[in-house]
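Raw coords-v3.cif, mmCIF, C-alpha atoms and all ligand atoms:
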data_structure
loop_
_atom_site.group_PDB
_atom_site.id
_atom_site.type_symbol
_atom_site.label_atom_id
_atom_site.label_comp_id
_atom_site.auth_asym_id
_atom_site.auth_seq_id
_atom_site.Cartn_x
_atom_site.Cartn_y
_atom_site.Cartn_z
ATOM 1 C CA MET A 1 4.197 15.422 31.970
ATOM 2 C CA GLU A 2 7.750 15.008 33.183
ATOM 3 C CA THR A 3 9.923 12.356 31.613
ATOM 4 C CA SER A 4 12.441 10.423 33.661
ATOM 5 C CA SER A 5 14.851 13.248 34.410
ATOM 6 C CA SER A 6 14.411 16.990 34.093
ATOM 7 C CA SER A 7 18.150 17.614 33.767
ATOM 8 C CA GLU A 8 18.957 15.497 30.719
ATOM 9 C CA PHE A 9 19.354 16.159 27.022
ATOM 10 C CA VAL A 10 19.199 12.843 25.206
ATOM 11 C CA VAL A 11 18.683 11.955 21.537
ATOM 12 C CA GLN A 12 17.309 8.518 20.667
ATOM 13 C CA PHE A 13 17.080 7.133 17.140
ATOM 14 C CA TRP A 14 13.963 5.030 16.465
ATOM 15 C CA GLY A 15 14.150 4.972 12.660
ATOM 16 C CA VAL A 16 17.235 5.891 10.644
ATOM 17 C CA ARG A 17 16.392 4.678 7.141
ATOM 18 C CA GLY A 18 15.322 6.886 4.226
ATOM 19 C CA SER A 19 12.636 6.499 1.566
ATOM 20 C CA VAL A 20 11.225 3.062 2.337
ATOM 21 C CA PRO A 21 11.451 0.562 5.213
ATOM 22 C CA SER A 22 14.154 -1.984 4.494
ATOM 23 C CA PRO A 23 13.930 -4.874 6.955
ATOM 24 C CA GLY A 24 15.940 -8.055 6.523
ATOM 25 C CA LYS A 25 19.025 -9.860 7.668
ATOM 26 C CA GLU A 26 21.337 -7.496 5.756
ATOM 27 C CA THR A 27 20.061 -4.361 7.515
ATOM 28 C CA VAL A 28 19.428 -5.706 10.989
ATOM 29 C CA ARG A 29 22.375 -3.974 12.676
ATOM 30 C CA TYR A 30 21.633 -0.413 11.516
ATOM 31 C CA GLY A 31 17.889 -0.986 11.258
ATOM 32 C CA GLY A 32 15.258 -0.823 8.546
ATOM 33 C CA ASN A 33 12.678 1.546 10.025
ATOM 34 C CA THR A 34 12.229 4.998 8.528
ATOM 35 C CA SER A 35 12.798 8.424 10.058
ATOM 36 C CA CYS A 36 11.844 8.992 13.678
ATOM 37 C CA VAL A 37 13.991 10.645 16.346
ATOM 38 C CA GLU A 38 13.118 11.369 19.967
ATOM 39 C CA MET A 39 14.729 13.968 22.200
ATOM 40 C CA GLN A 40 14.226 14.112 25.945
ATOM 41 C CA VAL A 41 15.173 17.579 27.045
ATOM 42 C CA ALA A 42 14.723 19.172 30.470
ATOM 43 C CA GLY A 43 11.859 16.838 31.317
ATOM 44 C CA LYS A 44 10.049 17.329 28.022
ATOM 45 C CA ARG A 45 9.635 14.792 25.241
ATOM 46 C CA LEU A 46 10.171 15.951 21.657
ATOM 47 C CA ILE A 47 9.495 13.719 18.642
ATOM 48 C CA PHE A 48 10.761 14.401 15.137
ATOM 49 C CA ASP A 49 8.849 12.874 12.227
ATOM 50 C CA GLY A 50 6.665 9.778 12.209
ATOM 51 C CA GLY A 51 8.293 7.180 9.962
ATOM 52 C CA THR A 52 7.934 3.506 10.811
ATOM 53 C CA GLY A 53 10.385 3.900 13.720
ATOM 54 C CA LEU A 54 7.539 5.714 15.477
ATOM 55 C CA ARG A 55 5.771 2.411 16.108
ATOM 56 C CA MET A 56 8.647 1.222 18.300
ATOM 57 C CA LEU A 57 8.738 4.542 20.138
ATOM 58 C CA GLY A 58 5.014 4.105 20.827
ATOM 59 C CA LYS A 59 5.642 0.677 22.333
ATOM 60 C CA SER A 60 8.362 2.069 24.581
ATOM 61 C CA LEU A 61 5.996 4.780 25.844
ATOM 62 C CA GLN A 62 3.218 2.348 26.732
ATOM 63 C CA PRO A 63 4.281 1.867 30.399
ATOM 64 C CA GLN A 64 4.560 5.645 30.882
ATOM 65 C CA LEU A 65 1.086 6.704 29.745
ATOM 66 C CA PRO A 66 -0.437 9.222 29.944
ATOM 67 C CA ILE A 67 2.190 11.301 28.168
ATOM 68 C CA GLU A 68 2.521 14.754 26.699
ATOM 69 C CA ALA A 69 4.876 15.244 23.759
ATOM 70 C CA TYR A 70 5.898 17.906 21.248
ATOM 71 C CA TRP A 71 5.932 16.482 17.757
ATOM 72 C CA PHE A 72 7.715 18.193 14.873
ATOM 73 C CA PHE A 73 7.374 17.247 11.211
ATOM 74 C CA THR A 74 9.993 18.076 8.593
ATOM 75 C CA HIS A 75 7.601 17.256 5.736
ATOM 76 C CA TYR A 76 5.082 14.562 4.795
ATOM 77 C CA HIS A 77 6.735 12.149 2.405
ATOM 78 C CA TRP A 78 5.723 8.591 3.263
ATOM 79 C CA ASP A 79 8.959 7.697 4.994
ATOM 80 C CA HIS A 80 8.253 10.450 7.540
ATOM 81 C CA ILE A 81 4.594 9.657 8.303
ATOM 82 C CA GLN A 82 3.994 5.945 7.789
ATOM 83 C CA GLY A 83 4.308 5.140 11.467
ATOM 84 C CA VAL A 84 1.534 7.549 12.490
ATOM 85 C CA PRO A 85 -1.394 5.075 12.099
ATOM 86 C CA PHE A 86 0.585 2.562 14.191
ATOM 87 C CA PHE A 87 1.554 4.886 17.025
ATOM 88 C CA ALA A 88 -0.359 3.309 19.890
ATOM 89 C CA PRO A 89 -0.373 6.354 22.244
ATOM 90 C CA ALA A 90 -2.409 8.284 19.637
ATOM 91 C CA PHE A 91 -5.329 5.936 20.275
ATOM 92 C CA VAL A 92 -5.369 6.330 24.046
ATOM 93 C CA LYS A 93 -7.394 9.027 25.752
ATOM 94 C CA GLY A 94 -5.431 11.239 28.131
ATOM 95 C CA ASN A 95 -2.321 11.600 25.968
ATOM 96 C CA THR A 96 -1.544 15.018 24.512
ATOM 97 C CA PHE A 97 0.470 15.732 21.375
ATOM 98 C CA HIS A 98 1.443 19.215 20.288
ATOM 99 C CA ILE A 99 1.984 18.888 16.553
ATOM 100 C CA TYR A 100 4.170 21.351 14.664
ATOM 101 C CA GLY A 101 4.800 21.622 10.946
ATOM 102 C CA ALA A 102 4.181 23.559 7.779
ATOM 103 C CA ALA A 103 1.191 22.562 5.690
ATOM 104 C CA PRO A 104 1.474 22.879 1.924
ATOM 105 C CA ASP A 105 -0.940 24.572 -0.450
ATOM 106 C CA GLY A 106 -2.408 27.058 1.987
ATOM 107 C CA LEU A 107 -4.058 24.378 4.141
ATOM 108 C CA SER A 108 -3.939 24.592 7.925
ATOM 109 C CA LEU A 109 -1.755 21.956 9.540
ATOM 110 C CA GLU A 110 -4.834 20.427 11.167
ATOM 111 C CA ASP A 111 -6.655 20.053 7.825
ATOM 112 C CA HIS A 112 -3.517 18.779 6.168
ATOM 113 C CA PHE A 113 -3.024 16.232 8.923
ATOM 114 C CA SER A 114 -6.553 14.879 8.821
ATOM 115 C CA GLU A 115 -6.890 14.894 5.030
ATOM 116 C CA HIS A 116 -3.437 13.744 3.966
ATOM 117 C CA VAL A 117 -1.359 12.368 6.824
ATOM 118 C CA LEU A 118 -4.298 10.430 8.325
ATOM 119 C CA HIS A 119 -5.504 9.698 4.847
ATOM 120 C CA LYS A 120 -8.457 7.477 4.022
ATOM 121 C CA ASN A 121 -5.953 5.009 2.614
ATOM 122 C CA ALA A 122 -4.470 4.624 6.092
ATOM 123 C CA PRO A 123 -5.666 1.398 7.708
ATOM 124 C CA VAL A 124 -6.916 3.013 10.912
ATOM 125 C CA PRO A 125 -9.913 5.393 10.812
ATOM 126 C CA ILE A 126 -9.226 8.900 12.063
ATOM 127 C CA LYS A 127 -12.116 8.642 14.549
ATOM 128 C CA GLU A 128 -10.065 6.078 16.469
ATOM 129 C CA ILE A 129 -7.633 8.835 17.475
ATOM 130 C CA GLN A 130 -8.413 9.414 21.150
ATOM 131 C CA ALA A 131 -5.396 11.445 22.215
ATOM 132 C CA ASP A 132 -5.611 15.210 22.252
ATOM 133 C CA PHE A 133 -3.906 16.542 19.111
ATOM 134 C CA LYS A 134 -3.135 20.252 19.170
ATOM 135 C CA PHE A 135 -1.825 21.809 15.964
ATOM 136 C CA TYR A 136 0.642 24.643 15.509
ATOM 137 C CA ASP A 137 1.329 25.974 12.012
ATOM 138 C CA LEU A 138 4.960 26.837 11.356
ATOM 139 C CA THR A 139 6.623 28.904 8.689
ATOM 140 C CA TYR A 140 10.337 28.941 7.962
ATOM 141 C CA GLY A 141 12.299 30.964 10.470
ATOM 142 C CA ASN A 142 9.806 30.495 13.314
ATOM 143 C CA THR A 143 11.089 29.791 16.807
ATOM 144 C CA VAL A 144 9.165 27.722 19.357
ATOM 145 C CA ASN A 145 9.861 28.209 23.053
ATOM 146 C CA LEU A 146 8.982 25.450 25.512
ATOM 147 C CA GLY A 147 10.031 26.786 28.878
ATOM 148 C CA GLU A 148 13.829 27.020 28.715
ATOM 149 C CA ILE A 149 13.993 24.964 25.525
ATOM 150 C CA THR A 150 14.256 26.798 22.221
ATOM 151 C CA ILE A 151 13.390 25.124 18.930
ATOM 152 C CA GLU A 152 14.508 27.084 15.907
ATOM 153 C CA THR A 153 13.431 26.233 12.377
ATOM 154 C CA SER A 154 15.566 26.624 9.278
ATOM 155 C CA SER A 155 15.331 30.173 7.969
ATOM 156 C CA THR A 156 14.254 28.863 4.559
ATOM 157 C CA SER A 157 13.132 25.507 3.232
ATOM 158 C CA LEU A 158 15.660 22.723 3.033
ATOM 159 C CA ASN A 159 16.471 21.853 -0.570
ATOM 160 C CA HIS A 160 13.969 19.016 -1.075
ATOM 161 C CA PRO A 161 10.983 18.373 -3.379
ATOM 162 C CA ASN A 162 7.941 20.107 -1.821
ATOM 163 C CA GLY A 163 10.191 21.580 0.898
ATOM 164 C CA ALA A 164 11.214 20.459 4.377
ATOM 165 C CA ILE A 165 11.923 22.154 7.708
ATOM 166 C CA GLY A 166 15.181 21.716 9.604
ATOM 167 C CA TYR A 167 15.043 21.956 13.421
ATOM 168 C CA ARG A 168 17.554 23.079 16.040
ATOM 169 C CA VAL A 169 16.848 22.329 19.699
ATOM 170 C CA THR A 170 18.799 24.314 22.288
ATOM 171 C CA TRP A 171 18.801 24.016 26.063
ATOM 172 C CA GLN A 172 21.388 25.453 28.464
ATOM 173 C CA GLY A 173 23.879 26.146 25.711
ATOM 174 C CA HIS A 174 23.638 22.676 24.145
ATOM 175 C CA SER A 175 22.093 22.086 20.728
ATOM 176 C CA ALA A 176 20.900 19.104 18.719
ATOM 177 C CA VAL A 177 19.999 19.679 15.079
ATOM 178 C CA TYR A 178 17.646 17.510 13.021
ATOM 179 C CA CYS A 179 18.306 18.327 9.391
ATOM 180 C CA THR A 180 17.084 15.642 7.058
ATOM 181 C CA ASP A 181 15.805 15.475 3.535
ATOM 182 C CA THR A 182 17.987 18.103 2.010
ATOM 183 C CA GLU A 183 20.227 18.197 -1.041
ATOM 184 C CA HIS A 184 23.411 20.230 -1.107
ATOM 185 C CA PHE A 185 24.305 22.664 -3.852
ATOM 186 C CA PRO A 186 26.877 21.676 -6.487
ATOM 187 C CA ASP A 187 29.170 24.695 -6.195
ATOM 188 C CA SER A 188 28.680 26.178 -2.754
ATOM 189 C CA ILE A 189 27.919 25.108 0.780
ATOM 190 C CA ASP A 190 24.308 25.556 1.906
ATOM 191 C CA GLU A 191 24.514 28.526 4.287
ATOM 192 C CA ASN A 192 20.967 27.841 5.484
ATOM 193 C CA VAL A 193 22.120 24.456 6.784
ATOM 194 C CA VAL A 194 25.449 25.770 8.123
ATOM 195 C CA HIS A 195 23.563 28.397 10.116
ATOM 196 C CA LEU A 196 21.150 25.822 11.511
ATOM 197 C CA ALA A 197 24.054 23.541 12.485
ATOM 198 C CA ARG A 198 26.323 26.227 13.974
ATOM 199 C CA ASN A 199 28.352 24.855 16.912
ATOM 200 C CA ALA A 200 25.849 22.037 17.455
ATOM 201 C CA ASP A 201 26.673 19.246 19.881
ATOM 202 C CA VAL A 202 24.904 16.777 17.596
ATOM 203 C CA PHE A 203 24.089 17.449 13.937
ATOM 204 C CA ILE A 204 21.790 14.842 12.370
ATOM 205 C CA TYR A 205 22.117 15.083 8.602
ATOM 206 C CA ASP A 206 20.625 13.485 5.498
ATOM 207 C CA ALA A 207 23.592 11.542 4.159
ATOM 208 C CA MET A 208 21.745 9.124 1.958
ATOM 209 C CA TYR A 209 24.494 8.754 -0.622
ATOM 210 C CA THR A 210 28.228 8.801 -1.029
ATOM 211 C CA ASP A 211 29.728 11.542 -3.203
ATOM 212 C CA GLU A 212 30.619 8.817 -5.704
ATOM 213 C CA GLN A 213 27.008 7.630 -5.966
ATOM 214 C CA TYR A 214 25.669 11.148 -6.078
ATOM 215 C CA ASN A 215 27.918 12.107 -8.996
ATOM 216 C CA ASN A 216 27.936 8.741 -10.785
ATOM 217 C CA PRO A 217 27.456 9.681 -14.452
ATOM 218 C CA LYS A 218 25.603 6.414 -15.162
ATOM 219 C CA SER A 219 23.060 6.949 -12.394
ATOM 220 C CA PRO A 220 23.382 10.407 -10.855
ATOM 221 C CA LYS A 221 21.297 11.322 -7.821
ATOM 222 C CA VAL A 222 21.349 15.036 -8.588
ATOM 223 C CA GLY A 223 17.948 16.600 -8.019
ATOM 224 C CA TRP A 224 16.632 13.748 -5.848
ATOM 225 C CA GLY A 225 16.584 15.897 -2.720
ATOM 226 C CA HIS A 226 19.253 14.130 -0.653
ATOM 227 C CA SER A 227 22.863 14.687 0.296
ATOM 228 C CA THR A 228 26.031 12.715 1.000
ATOM 229 C CA TRP A 229 28.082 11.891 4.089
ATOM 230 C CA GLU A 230 31.044 13.754 2.614
ATOM 231 C CA GLU A 231 28.909 16.894 2.338
ATOM 232 C CA GLY A 232 27.811 16.273 5.926
ATOM 233 C CA VAL A 233 31.486 16.438 6.920
ATOM 234 C CA ARG A 234 32.002 19.659 4.971
ATOM 235 C CA VAL A 235 29.009 21.267 6.684
ATOM 236 C CA ALA A 236 30.010 19.906 10.107
ATOM 237 C CA LYS A 237 33.488 21.438 9.749
ATOM 238 C CA ALA A 238 32.176 24.760 8.419
ATOM 239 C CA ALA A 239 29.638 24.976 11.233
ATOM 240 C CA GLY A 240 31.963 23.901 14.076
ATOM 241 C CA VAL A 241 29.817 20.872 14.918
ATOM 242 C CA LYS A 242 31.012 18.458 17.627
ATOM 243 C CA GLN A 243 29.236 15.288 16.484
ATOM 244 C CA LEU A 244 27.851 14.475 13.049
ATOM 245 C CA ALA A 245 25.150 11.783 12.921
ATOM 246 C CA VAL A 246 24.851 10.386 9.414
ATOM 247 C CA PHE A 247 21.148 9.633 8.955
ATOM 248 C CA HIS A 248 18.437 8.663 6.413
ATOM 249 C CA HIS A 249 20.415 5.679 5.151
ATOM 250 C CA GLU A 250 19.776 4.535 1.623
ATOM 251 C CA PRO A 251 17.557 1.371 1.677
ATOM 252 C CA ASN A 252 20.047 -0.549 -0.487
ATOM 253 C CA HIS A 253 22.987 0.169 1.819
ATOM 254 C CA ASN A 254 23.404 -3.021 3.816
ATOM 255 C CA ASP A 255 25.179 -3.324 7.164
ATOM 256 C CA ASP A 256 28.557 -4.175 5.641
ATOM 257 C CA PHE A 257 28.383 -1.197 3.309
ATOM 258 C CA LEU A 258 27.459 1.098 6.196
ATOM 259 C CA ASP A 259 30.279 -0.334 8.350
ATOM 260 C CA GLN A 260 32.724 0.677 5.653
ATOM 261 C CA MET A 261 31.114 4.114 5.379
ATOM 262 C CA ALA A 262 31.495 4.518 9.154
ATOM 263 C CA VAL A 263 35.238 3.840 8.924
ATOM 264 C CA GLU A 264 35.702 6.393 6.149
ATOM 265 C CA LEU A 265 33.537 8.911 8.000
ATOM 266 C CA LYS A 266 35.617 8.548 11.170
ATOM 267 C CA GLU A 267 38.807 9.168 9.185
ATOM 268 C CA ALA A 268 37.331 12.307 7.633
ATOM 269 C CA PHE A 269 35.724 13.648 10.817
ATOM 270 C CA LYS A 270 36.527 12.368 14.292
ATOM 271 C CA GLY A 271 33.097 13.294 15.660
ATOM 272 C CA GLY A 272 31.260 11.480 12.872
ATOM 273 C CA PHE A 273 29.131 8.368 13.379
ATOM 274 C CA LEU A 274 26.326 6.540 11.642
ATOM 275 C CA ALA A 275 22.917 6.641 13.315
ATOM 276 C CA ARG A 276 21.578 3.207 14.220
ATOM 277 C CA GLU A 277 18.117 2.199 15.275
ATOM 278 C CA GLY A 278 17.909 2.249 19.074
ATOM 279 C CA MET A 279 21.059 4.346 19.521
ATOM 280 C CA VAL A 280 21.013 6.828 22.394
ATOM 281 C CA VAL A 281 23.262 9.912 22.441
ATOM 282 C CA SER A 282 23.509 12.128 25.496
ATOM 283 C CA LEU A 283 24.557 15.739 25.011
ATOM 284 C CA LEU A 284 25.470 16.419 28.628
HETATM 285 ZN ZN ZN B 301 12.873 11.026 3.701
HETATM 286 ZN ZN ZN B 302 11.402 13.555 1.659
#

Represent the structure from my file as structure tokens, please.
Ligand SMILES: [Zn+2]
Ligand SMILES: [Zn+2]
Amino acid sequence: METSSSSEFVVQFWGVRGSVPSPGKETVRYGGNTSCVEMQVAGKRLIFDGGTGLRMLGKSLQPQLPIEAYWFFTHYHWDHIQGVPFFAPAFVKGNTFHIYGAAPDGLSLEDHFSEHVLHKNAPVPIKEIQADFKFYDLTYGNTVNLGEITIETSSTSLNHPNGAIGYRVTWQGHSAVYCTDTEHFPDSIDENVVHLARNADVFIYDAMYTDEQYNNPKSPKVGWGHSTWEEGVRVAKAAGVKQLAVFHHEPNHNDDFLDQMAVELKEAFKGGFLAREGMVVSLL
């Protein structure tokens, strides 16, 4: 299924928040929905994660059905899957989703998806799924080729509890990198992440905290599996990235706080910006 244009490379943010949805008047400008990013590349539709932002993506797709999409999961913490039972195109016959990810504990991705992601605690029964779900098990370092599009995975797990996969999408010499839910190392840059981000046009990075919050002796965030915007800048510079998209915002960071972060980010790295719900970035 072709999307609107076969010669575009566009990233759209549908959910930019980390950990838990955070709606309300103080987060309305950046958005409260959790992780979900869409890329339209060379006529193909790629989806990354299925946080609550996925519901809005589903609504936007409604007029275009039937659709075919390639859906990549970093990992299965709630903030990356909670939109799945509310993704309307999954319940419509004729839609096809190619689902990629790594299942934990030796399960196949298909078993993991039906037993854990579409869990019995989810409000919609799995038998209501009418779309064609095809599953592809990934391991770290795998590369997926979709015609002229190449999707590389991080060579090892991102540094996150239970692991997570980073993705790098390349088409005609342009790359967008989706690298969320990862914690940096205290004494050295994460070469796994630098390699994934090398010369990227857009580098989407887990920048949940500020360095000050991360290292705050009264309430340190060390070992929580997330990074900082300052580390995002260090990686972006080391990797020769053009644009750094600060992503996976902390639920307690309100719009005013994030505005201030955006100013500081811009001073530290000209190509830096904060991801906002609904934002569209074109690579071409
Ligand atoms: Zn997360
Ligand atoms: Zn996580």

Could you give me, as a Markdown table, every region 107-136 of chain A residue with an atom at most 12 Å from region 78-82 of chain A, plus its closest atom pair and distance in Å to one decimal, counting only C-alpha atoms, rows ordered by chain then number?
| residue | atom | partner | partner_atom | distance |
| --- | --- | --- | --- | --- |
| A:Phe113 | CA | A:Ile81 | CA | 10.1 |
| A:His116 | CA | A:Ile81 | CA | 10.0 |
| A:Val117 | CA | A:Ile81 | CA | 6.7 |
| A:Leu118 | CA | A:Ile81 | CA | 8.9 |
| A:His119 | CA | A:Gln82 | CA | 10.6 |
| A:Asn121 | CA | A:Gln82 | CA | 11.3 |
| A:Ala122 | CA | A:Gln82 | CA | 8.7 |
| A:Pro123 | CA | A:Gln82 | CA | 10.7 |
| A:Val124 | CA | A:Gln82 | CA | 11.7 |

Can you pull out every residue with an atom within 9 Å of ligand ZN 302 (chain B)? Use all atoms listed in the file and format it as a list in words.
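If we count all atoms listed in the file, the neighbours of ligand ZN 302 (chain B) turn out to be Gly18, Ser19, Thr74, His75, Tyr76, His77, Trp78, Asp79, His80, His160, Pro161, Asn162, Gly163, Ala164, Thr180, Asp181, Thr182, Gly225 and His226 of chain A.
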
Padding of 3 Å on every side, edges along x, y and z, all listed atoms of region 118-128 of chain A included: what centre and edge lengths in Å, to one decimal, does that box have, as AutoDock Vina command-line options?
--center_x -8.2 --center_y 5.9 --center_z 9.5 --size_x 13.8 --size_y 15.0 --size_z 19.9

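Residues matching the PyMOL selection byres (((chain A and resi 137) around 6) and not hetatm) in this structure come to Gly101, Ala102, Leu109, Tyr136 and Leu138 of chain A.
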
Just give me the gap between CA of Gly32 (chain A) and CA of Glu277 (chain A) in Å, one decimal is fine.
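Between these atoms lies a distance of 7.9 Å.
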
Might you pull out every residue within 9 Å of Ala176 (chain A), with all atoms listed in the file counted and same-chain residues fewer than 4 positions away left off, and present them as JSON, numbers by chain?
{"A": [9, 11, 39, 167, 168, 169, 170, 197, 200, 201, 202, 203, 204, 283]}

If I take CA of Phe257 (chain A) and CA of Tyr214 (chain A), how far is one from the other in Å, to one decimal?
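Atom-to-atom, CA of Phe257 (chain A) and CA of Tyr214 (chain A) are spaced 15.7 Å apart.
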
Just the number, please: distance in Å from CA of Thr228 (chain A) to CA of Asp259 (chain A), one decimal.
15.6 Å

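Of the listed residues (A:Met56, A:Val281, A:Met208, A:Ala103), A:Met208 comes nearest to ligand ZN 301 (chain B); the distances count only C-alpha atoms and all ligand atoms.
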
Carefully work through the PyMOL selection byres (((chain A and resi 230-236) around 10) and not hetatm) for this structure and note down the residues it includes, as a PyMOL selection string.
chain A and resi 183-185+189-191+193-195+197-200+202-207+209-212+227-229+237-247+264-266+268-272

With the PyMOL selection byres (((chain A and resi 252) around 12) and not hetatm) as the selection, what would be picked from this file? Answer as a list in words, please.
Arg17, Gly18, Ser19, Val20, Pro21, Ser22, Pro23, Gly24, Glu26, Thr27, Gly31, Gly32, Met208, Tyr209, His248, His249, Glu250, Pro251, His253, Asn254, Asp255, Asp256, Phe257 and Leu258 of chain A

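Minimum atom-to-atom distance to ligand ZN 301 (chain B), evaluated using all atoms listed in the file, belongs to A:Cys36 out of A:Val10, A:Cys36, A:Val144, A:Val263.
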
Give the answer as one residue: which of A:Glu128, A:Ser155, A:Gly50, A:Ser5 has the shortest atom-to-atom distance to ligand ZN 301 (chain B), using only C-alpha atoms and all ligand atoms?
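Among A:Glu128, A:Ser155, A:Gly50, A:Ser5, it is A:Gly50 that comes nearest to ligand ZN 301 (chain B).
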
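Using all atoms listed in the file, the shortest contact distance between ligand ZN 301 (chain B) and any of A:Glu152, A:Asp49, A:Glu267, A:Glu110 is found at A:Asp49.
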
If you count only C-alpha atoms, which residues fall within 8 Å of Phe13 (chain A), apart from same-chain ones fewer than 4 positions away, as a VMD selection string?
chain A and resid 36 to 38 275 to 280
